[in-house]
Amino acid sequence: MRYRSTRGDAPLVSADKALRAGVAPDGGLYLPETLPRFEPGDFAAETSLGALASRLLSPFFAGSPLAQPLEAICASAFDFPLPLVTPDAREPGLQVLELFHGPTGAFKDFGARFLFRAFDAIASADDPITVLAATSGDTGGAVGCAAEGARHARAVILFPKGRISAFQERQLCCWREPVTALRVTGDFDACQRLVKTAFADPDLSARHGLTSANSISIGRLLPQMAYWASASLDVFSKTGLRPGLIVPTGNLGNAFAAVLARACGLPIGPIVLATNANATLSDWHRSGQYSARQSIATLANAMDVGAPSNFERLSGFGDELIEDVVRVDDDAIRARITACHAGSGYIACPHTATALEAFDRMSPEHRAARPWIAAATAHPYKFADVVEPLTGVSLTPPPALAEVLQRPVHVSDIDATIEALAAQLGAPARA
Ligand SMILES: *Cc1c(COP(=O)(O)O)cnc(C)c1O
């Protein structure tokens, strides 16, 4: 399998090259040149998520150095539960796919764990990989956690001092070798500028094998197909029907993985996007015109995106597979969290609540036409400050998140200068 750029002006590359590069040299995003075609029966023998993922992903890594380790990477990356639950017995047509049972309590664990294991498999002592990530939320924690214990790839995480929550800061600073957390004197934009400056420095880039782990990486998108495949196969085998999917959406990574899975023949019906008050995608769907905007801050902050980075992949590939885009503002998020808990006892995080609200706004006929699966993208404990006052429930952290609170913290403070960052990067990772 080779990968082409969305802008069509870069050489075709193998999977490992596409992962390492992140962005294609013409500025576009990598997409597989062709798609494998599966039948639901092809997965009948796979009994674990890891085995299913390996079967699904093997055509995407064929002919690359990742083909051989793929099975082991999938088995170790996807070793946590993936419950498909019915939150409300009176509404059996809606199931929730809980994507938050990984070690950092957010669905980013799926992509980050796969990507980091893949990086570790293709890096070597002579050819190191350093993932440089500017973060204000979930991605940095998932990447740091995924990197712990890696041998040849390492992670360097930059975050803005005094601008993230105490729990988020812990979740960035609690990981052991080879993870470095850098608290930057500046805002998130300053962190991002630093990362961009480092990537643009050919000497620094080559010496440390700098790469990114953000949501444009094809190495994060591909593994996210696995849970959509697993859930849709499960529902299809029980009902003979293709479930519709409702995806809480920011940068369109999760949704694009659903589109890809459907395009590969998985039994997936219509795909509905749920967004917060950021209106870029709902305006596009309504008018056919795409225009990026400034992002606005909402309760579902991991979806505060005004220029969804994977839109470039979606347009011209699978945009006709998006049945609807439902925009849910903060008042509706609050009301949905409250109503859901009052009606069924189920507790949703603000991101998950956008999907539940999108389901509620469908017509009864549309809801009844097929089973629906809404993604739950974060553990509600991570948003306890929002959820507890609305439900009156005092949330307890799941074991993995409780452990984060116990771990020692390692962090260095740096000024927002490239010299300070270069000094932290230090000698080559393994020289
Ligand atoms: C990242 C994230 C999202 C948005 O996912 P995209 O792939 O960017 O669309 C939704 N919910 C949570 C909790 C997230 O961390």
# chains A, B, ... in the order shown; residues from 1 in each chain; ligands from 1

$ residues_around --residues "segment 128-141 of chain A" --least-positions-apart "4" --cutoff "6 Å" --atoms "only C-alpha atoms" --output "mmCIF file with N, CA and C atoms, in the first residue's frame"
data_model
loop_
_atom_site.group_PDB
_atom_site.id
_atom_site.type_symbol
_atom_site.label_atom_id
_atom_site.label_comp_id
_atom_site.auth_asym_id
_atom_site.auth_seq_id
_atom_site.Cartn_x
_atom_site.Cartn_y
_atom_site.Cartn_z
ATOM 1 N N ALA A 123 11.794 3.228 14.414
ATOM 2 C CA ALA A 123 12.983 3.982 14.826
ATOM 3 C C ALA A 123 14.088 3.005 15.216
ATOM 4 N N SER A 124 15.319 3.512 15.264
ATOM 5 C CA SER A 124 16.432 2.678 15.725
ATOM 6 C C SER A 124 17.450 3.604 16.366
ATOM 7 N N HIS A 152 13.192 3.320 21.202
ATOM 8 C CA HIS A 152 13.900 4.142 20.210
ATOM 9 C C HIS A 152 13.192 5.455 19.905
ATOM 10 N N ALA A 153 11.910 5.529 20.201
ATOM 11 C CA ALA A 153 11.169 6.770 19.975
ATOM 12 C C ALA A 153 10.929 7.420 21.325
ATOM 13 N N ARG A 154 10.916 8.747 21.360
ATOM 14 C CA ARG A 154 10.622 9.439 22.620
ATOM 15 C C ARG A 154 9.602 10.549 22.366
ATOM 16 N N ALA A 155 9.059 11.088 23.440
ATOM 17 C CA ALA A 155 8.054 12.144 23.318
ATOM 18 C C ALA A 155 8.491 13.368 24.113
ATOM 19 N N VAL A 156 8.341 14.529 23.496
ATOM 20 C CA VAL A 156 8.601 15.806 24.172
ATOM 21 C C VAL A 156 7.319 16.628 24.061
ATOM 22 N N ILE A 157 6.757 16.957 25.217
ATOM 23 C CA ILE A 157 5.431 17.571 25.251
ATOM 24 C C ILE A 157 5.543 18.997 25.784
ATOM 25 N N LEU A 158 5.032 19.953 25.031
ATOM 26 C CA LEU A 158 5.076 21.355 25.442
ATOM 27 C C LEU A 158 3.675 21.810 25.807
ATOM 28 N N PHE A 159 3.553 22.486 26.930
ATOM 29 C CA PHE A 159 2.233 23.032 27.276
ATOM 30 C C PHE A 159 2.399 24.412 27.907
ATOM 31 N N GLN A 171 -1.528 15.048 34.076
ATOM 32 C CA GLN A 171 -1.591 13.993 33.070
ATOM 33 C C GLN A 171 -0.543 14.194 31.960
ATOM 34 N N LEU A 172 0.064 15.369 31.917
ATOM 35 C CA LEU A 172 1.157 15.589 30.969
ATOM 36 C C LEU A 172 2.516 15.320 31.594
ATOM 37 N N CYS A 191 3.550 27.866 22.221
ATOM 38 C CA CYS A 191 4.000 26.460 22.178
ATOM 39 C C CYS A 191 3.965 25.946 20.744
ATOM 40 N N GLN A 192 2.881 26.249 20.055
ATOM 41 C CA GLN A 192 2.759 25.763 18.680
ATOM 42 C C GLN A 192 3.792 26.394 17.761
ATOM 43 N N HIS A 208 17.255 14.809 15.594
ATOM 44 C CA HIS A 208 16.388 14.142 16.567
ATOM 45 C C HIS A 208 15.269 13.339 15.914
ATOM 46 N N GLY A 209 15.186 13.391 14.591
ATOM 47 C CA GLY A 209 14.076 12.700 13.927
ATOM 48 C C GLY A 209 12.738 13.253 14.388
ATOM 49 N N LEU A 210 12.619 14.591 14.343
ATOM 50 C CA LEU A 210 11.395 15.216 14.868
ATOM 51 C C LEU A 210 10.186 14.853 14.023
ATOM 52 N N THR A 211 9.098 14.534 14.689
ATOM 53 C CA THR A 211 7.842 14.341 13.984
ATOM 54 C C THR A 211 6.706 14.709 14.923
ATOM 55 N N SER A 212 5.483 14.725 14.383
ATOM 56 C CA SER A 212 4.360 15.147 15.208
ATOM 57 C C SER A 212 3.418 13.977 15.433
#

$ closest_atom_pairs --of "chain A" --to "ligand 1" --cutoff "9 Å" --atoms "only C-alpha atoms and all ligand atoms" --output "Markdown table"
| residue | atom | partner | partner_atom_place_in_ligand_line | distance |
| --- | --- | --- | --- | --- |
| A:Phe100 | CA | ligand 1 | 13 (C) | 8.2 |
| A:Gly105 | CA | ligand 1 | 13 (C) | 8.5 |
| A:Ala106 | CA | ligand 1 | 13 (C) | 5.4 |
| A:Phe107 | CA | ligand 1 | 15 (O) | 6.2 |
| A:Lys108 | CA | ligand 1 | 15 (O) | 5.9 |
| A:Gly137 | CA | ligand 1 | 15 (O) | 7.5 |
| A:Asp138 | CA | ligand 1 | 15 (O) | 5.2 |
| A:Thr139 | CA | ligand 1 | 15 (O) | 7.0 |
| A:Ser215 | CA | ligand 1 | 8 (O) | 6.7 |
| A:Leu221 | CA | ligand 1 | 7 (O) | 8.3 |
| A:Val247 | CA | ligand 1 | 9 (O) | 7.7 |
| A:Pro248 | CA | ligand 1 | 10 (C) | 5.4 |
| A:Thr249 | CA | ligand 1 | 9 (O) | 3.6 |
| A:Gly250 | CA | ligand 1 | 9 (O) | 3.6 |
| A:Asn251 | CA | ligand 1 | 8 (O) | 3.5 |
| A:Leu252 | CA | ligand 1 | 9 (O) | 3.7 |
| A:Gly253 | CA | ligand 1 | 7 (O) | 3.3 |
| A:Asn254 | CA | ligand 1 | 7 (O) | 3.9 |
| A:Ala255 | CA | ligand 1 | 9 (O) | 6.2 |
| A:Phe256 | CA | ligand 1 | 7 (O) | 7.8 |
| A:Ala257 | CA | ligand 1 | 7 (O) | 8.5 |
| A:Leu273 | CA | ligand 1 | 9 (O) | 9.0 |
| A:Thr275 | CA | ligand 1 | 9 (O) | 8.7 |
| A:Ala300 | CA | ligand 1 | 11 (N) | 7.2 |
| A:Asn301 | CA | ligand 1 | 12 (C) | 7.9 |
| A:Ala302 | CA | ligand 1 | 14 (C) | 4.7 |
| A:Met303 | CA | ligand 1 | 4 (C) | 4.9 |
| A:Asp304 | CA | ligand 1 | 4 (C) | 8.5 |
| A:Val305 | CA | ligand 1 | 8 (O) | 8.0 |
| A:Pro308 | CA | ligand 1 | 8 (O) | 7.6 |
| A:Ser309 | CA | ligand 1 | 8 (O) | 8.3 |
| A:Asn310 | CA | ligand 1 | 9 (O) | 8.4 |
| A:Cys349 | CA | ligand 1 | 13 (C) | 7.9 |
| A:Pro350 | CA | ligand 1 | 13 (C) | 8.2 |
| A:His351 | CA | ligand 1 | 11 (N) | 5.1 |
| A:Thr352 | CA | ligand 1 | 11 (N) | 7.1 |
| A:Ala375 | CA | ligand 1 | 11 (N) | 8.8 |
| A:Ala376 | CA | ligand 1 | 11 (N) | 7.7 |
| A:Thr377 | CA | ligand 1 | 13 (C) | 4.4 |
| A:Ala378 | CA | ligand 1 | 13 (C) | 4.2 |
| A:His379 | CA | ligand 1 | 13 (C) | 7.8 |
| A:Lys382 | CA | ligand 1 | 13 (C) | 8.9 |

$ closest_residue --among "A:Val409, A:Ala142, A:Ile373, A:Val387" --to "Glu91 of chain A" --atoms "only C-alpha atoms"
A:Ile373

$ select_by_dssp --residues "segment 255-332 of chain A" --states "strand (DSSP E or B)" --output "ChimeraX atom specification"
/A:271-275,322-327

$ closest_residue --among "A:Leu115, A:Val96, A:Ile122, A:Val85" --to "Pro65 of chain A" --atoms "only C-alpha atoms"
A:Ile122

$ residues_around --residues "Ala146 of chain A" --least-positions-apart "5" --cutoff "8 Å" --atoms "only C-alpha atoms" --output "list in words"
Asp109, Ala112, Arg113, Phe116 and Arg117 of chain A

$ write_last_selection --atoms "N, CA and C atoms" --output "mmCIF file, in the first residue's frame"
data_model
loop_
_atom_site.group_PDB
_atom_site.id
_atom_site.type_symbol
_atom_site.label_atom_id
_atom_site.label_comp_id
_atom_site.auth_asym_id
_atom_site.auth_seq_id
_atom_site.Cartn_x
_atom_site.Cartn_y
_atom_site.Cartn_z
ATOM 1 N N ASP A 109 -6.444 7.659 23.273
ATOM 2 C CA ASP A 109 -5.568 6.528 23.583
ATOM 3 C C ASP A 109 -5.455 5.553 22.407
ATOM 4 N N ALA A 112 -3.048 7.212 19.782
ATOM 5 C CA ALA A 112 -1.710 7.493 20.316
ATOM 6 C C ALA A 112 -0.957 6.207 20.639
ATOM 7 N N ARG A 113 -1.640 5.228 21.207
ATOM 8 C CA ARG A 113 -0.956 3.979 21.555
ATOM 9 C C ARG A 113 -0.475 3.243 20.306
ATOM 10 N N PHE A 116 2.482 5.419 18.614
ATOM 11 C CA PHE A 116 3.779 5.385 19.292
ATOM 12 C C PHE A 116 4.454 4.030 19.175
ATOM 13 N N ARG A 117 3.665 2.969 19.247
ATOM 14 C CA ARG A 117 4.261 1.636 19.060
ATOM 15 C C ARG A 117 4.817 1.493 17.643
#

$ residues_around --residues "Pro270 of chain A" --least-positions-apart "2" --cutoff "10 Å" --atoms "only C-alpha atoms" --output "number ranges by chain"
A: 242-246, 259, 262, 268, 272, 320-324, 370, 372

$ atom_distance --atom1 "atom CA of Leu82 of chain A" --atom2 "atom CA of Pro59 of chain A"
23.6 Å

$ atom_distance --atom1 "atom CA of Arg327 of chain A" --atom2 "atom CA of Ile296 of chain A"
13.1 Å

$ atom_distance --atom1 "atom CA of Ser232 of chain A" --atom2 "atom CA of Phe359 of chain A"
17.2 Å

$ select_by_dssp --residues "segment 249-354 of chain A" --states "helix (DSSP H, G or I)" --output "JSON, numbers by chain"
{"A": [253, 254, 255, 256, 257, 258, 259, 260, 261, 262, 263, 280, 281, 282, 283, 284, 285, 286, 287, 301, 302, 303, 311, 312, 313, 314, 319, 320, 321, 330, 331, 332, 333, 334, 335, 336, 337, 338, 339, 340, 341, 342, 343, 344, 350, 351, 352, 353, 354]}

$ closest_residue --among "A:Phe114, A:Gly22, A:Arg207, A:Leu31" --to "Gly426 of chain A" --atoms "only C-alpha atoms"
A:Arg207

$ residues_around --residues "His410 of chain A" --least-positions-apart "6" --cutoff "7 Å" --atoms "only C-alpha atoms" --output "PyMOL selection string"
chain A and resi 173-174+181

$ write_last_selection --atoms "all heavy atoms" --output "PDB file, in the first residue's frame"
ATOM      1  N   CYS A 173       2.593  15.453  32.909  1.00  0.00           N
ATOM      2  CA  CYS A 173       3.902  15.462  33.587  1.00  0.00           C
ATOM      3  C   CYS A 173       4.186  14.192  34.387  1.00  0.00           C
ATOM      4  O   CYS A 173       5.183  14.135  35.094  1.00  0.00           O
ATOM      5  CB  CYS A 173       3.995  16.659  34.530  1.00  0.00           C
ATOM      6  SG  CYS A 173       3.776  18.236  33.712  1.00  0.00           S
ATOM      7  N   CYS A 174       3.322  13.195  34.288  1.00  0.00           N
ATOM      8  CA  CYS A 174       3.474  12.049  35.193  1.00  0.00           C
ATOM      9  C   CYS A 174       4.116  10.842  34.516  1.00  0.00           C
ATOM     10  O   CYS A 174       4.192   9.775  35.135  1.00  0.00           O
ATOM     11  CB  CYS A 174       2.123  11.667  35.775  1.00  0.00           C
ATOM     12  SG  CYS A 174       1.023  10.897  34.580  1.00  0.00           S
ATOM     13  N   ALA A 181       8.307  16.497  29.731  1.00  0.00           N
ATOM     14  CA  ALA A 181       7.252  17.517  29.747  1.00  0.00           C
ATOM     15  C   ALA A 181       7.896  18.886  29.938  1.00  0.00           C
ATOM     16  O   ALA A 181       8.712  19.070  30.843  1.00  0.00           O
ATOM     17  CB  ALA A 181       6.260  17.229  30.871  1.00  0.00           C
TER      18      ALA A 181
END

$ closest_atom_pairs --of "segment 216-302 of chain A" --to "segment 41-51 of chain A" --cutoff "12 Å" --atoms "only C-alpha atoms" --output "JSON lines"
{"residue": "A:Pro223", "atom": "CA", "partner": "A:Gly50", "partner_atom": "CA", "distance": 10.1}
{"residue": "A:Gln224", "atom": "CA", "partner": "A:Leu49", "partner_atom": "CA", "distance": 11.4}
{"residue": "A:Met225", "atom": "CA", "partner": "A:Leu49", "partner_atom": "CA", "distance": 11.0}
{"residue": "A:Ala226", "atom": "CA", "partner": "A:Leu49", "partner_atom": "CA", "distance": 7.2}
{"residue": "A:Tyr227", "atom": "CA", "partner": "A:Leu49", "partner_atom": "CA", "distance": 7.5}
{"residue": "A:Trp228", "atom": "CA", "partner": "A:Leu49", "partner_atom": "CA", "distance": 10.6}
{"residue": "A:Ala229", "atom": "CA", "partner": "A:Leu49", "partner_atom": "CA", "distance": 9.3}
{"residue": "A:Ser230", "atom": "CA", "partner": "A:Leu49", "partner_atom": "CA", "distance": 6.9}
{"residue": "A:Ala231", "atom": "CA", "partner": "A:Leu49", "partner_atom": "CA", "distance": 10.0}
{"residue": "A:Ser232", "atom": "CA", "partner": "A:Phe43", "partner_atom": "CA", "distance": 11.5}
{"residue": "A:Leu233", "atom": "CA", "partner": "A:Phe43", "partner_atom": "CA", "distance": 8.3}
{"residue": "A:Asp234", "atom": "CA", "partner": "A:Ala44", "partner_atom": "CA", "distance": 10.3}
{"residue": "A:Phe236", "atom": "CA", "partner": "A:Gly41", "partner_atom": "CA", "distance": 10.6}
{"residue": "A:Ser237", "atom": "CA", "partner": "A:Gly41", "partner_atom": "CA", "distance": 9.4}
{"residue": "A:Cys264", "atom": "CA", "partner": "A:Asp42", "partner_atom": "CA", "distance": 11.8}
{"residue": "A:Gly265", "atom": "CA", "partner": "A:Asp42", "partner_atom": "CA", "distance": 10.3}
{"residue": "A:Leu266", "atom": "CA", "partner": "A:Gly41", "partner_atom": "CA", "distance": 9.9}
{"residue": "A:Pro267", "atom": "CA", "partner": "A:Gly41", "partner_atom": "CA", "distance": 10.5}

$ closest_residue --among "A:Ala420, A:Val179, A:Leu66, A:Ala358" --to "Glu148 of chain A" --atoms "only C-alpha atoms"
A:Val179

$ residues_around --residues "Val13 of chain A" --least-positions-apart "3" --cutoff "10 Å" --atoms "only C-alpha atoms" --output "list of chain:residue names"
A:Met1, A:Arg2, A:Tyr3, A:Arg4, A:Ser5, A:Ala10, A:Asp16, A:Lys17, A:Ala18, A:Leu19, A:Ala21, A:Ala24, A:Tyr30, A:Pro32, A:Glu33, A:Ser64

$ write_last_selection --atoms "C-alpha atoms" --output "PDB file, in the first residue's frame"
ATOM      1  CA  MET A   1       0.000   0.000   0.000  1.00  0.00           C
ATOM      2  CA  ARG A   2       1.214   3.451  -0.883  1.00  0.00           C
ATOM      3  CA  TYR A   3      -0.014   6.839   0.303  1.00  0.00           C
ATOM      4  CA  ARG A   4      -0.806   9.884  -1.800  1.00  0.00           C
ATOM      5  CA  SER A   5      -1.109  13.499  -0.755  1.00  0.00           C
ATOM      6  CA  ALA A  10       4.047  14.745  -3.604  1.00  0.00           C
ATOM      7  CA  ASP A  16       6.197   4.068   7.509  1.00  0.00           C
ATOM      8  CA  LYS A  17       7.267   7.119   5.470  1.00  0.00           C
ATOM      9  CA  ALA A  18       3.771   8.604   5.703  1.00  0.00           C
ATOM     10  CA  LEU A  19       3.796   8.119   9.487  1.00  0.00           C
ATOM     11  CA  ALA A  21       6.446  12.647   7.725  1.00  0.00           C
ATOM     12  CA  ALA A  24       3.174  15.442   2.943  1.00  0.00           C
ATOM     13  CA  TYR A  30      -1.691  11.456   3.282  1.00  0.00           C
ATOM     14  CA  PRO A  32      -4.176   5.470   1.128  1.00  0.00           C
ATOM     15  CA  GLU A  33      -3.849   5.195  -2.654  1.00  0.00           C
ATOM     16  CA  SER A  64       6.247  -1.518   4.730  1.00  0.00           C
TER      17      SER A  64
END

$ closest_residue --among "A:Leu194, A:Ile164, A:Thr6, A:Arg313" --to "Glu419 of chain A" --atoms "only C-alpha atoms"
A:Leu194

$ residues_around --residues "Leu405 of chain A" --least-positions-apart "6" --cutoff "12 Å" --atoms "only C-alpha atoms" --output "MDAnalysis selection string"
chainID A and resid 104 166:175 397:399
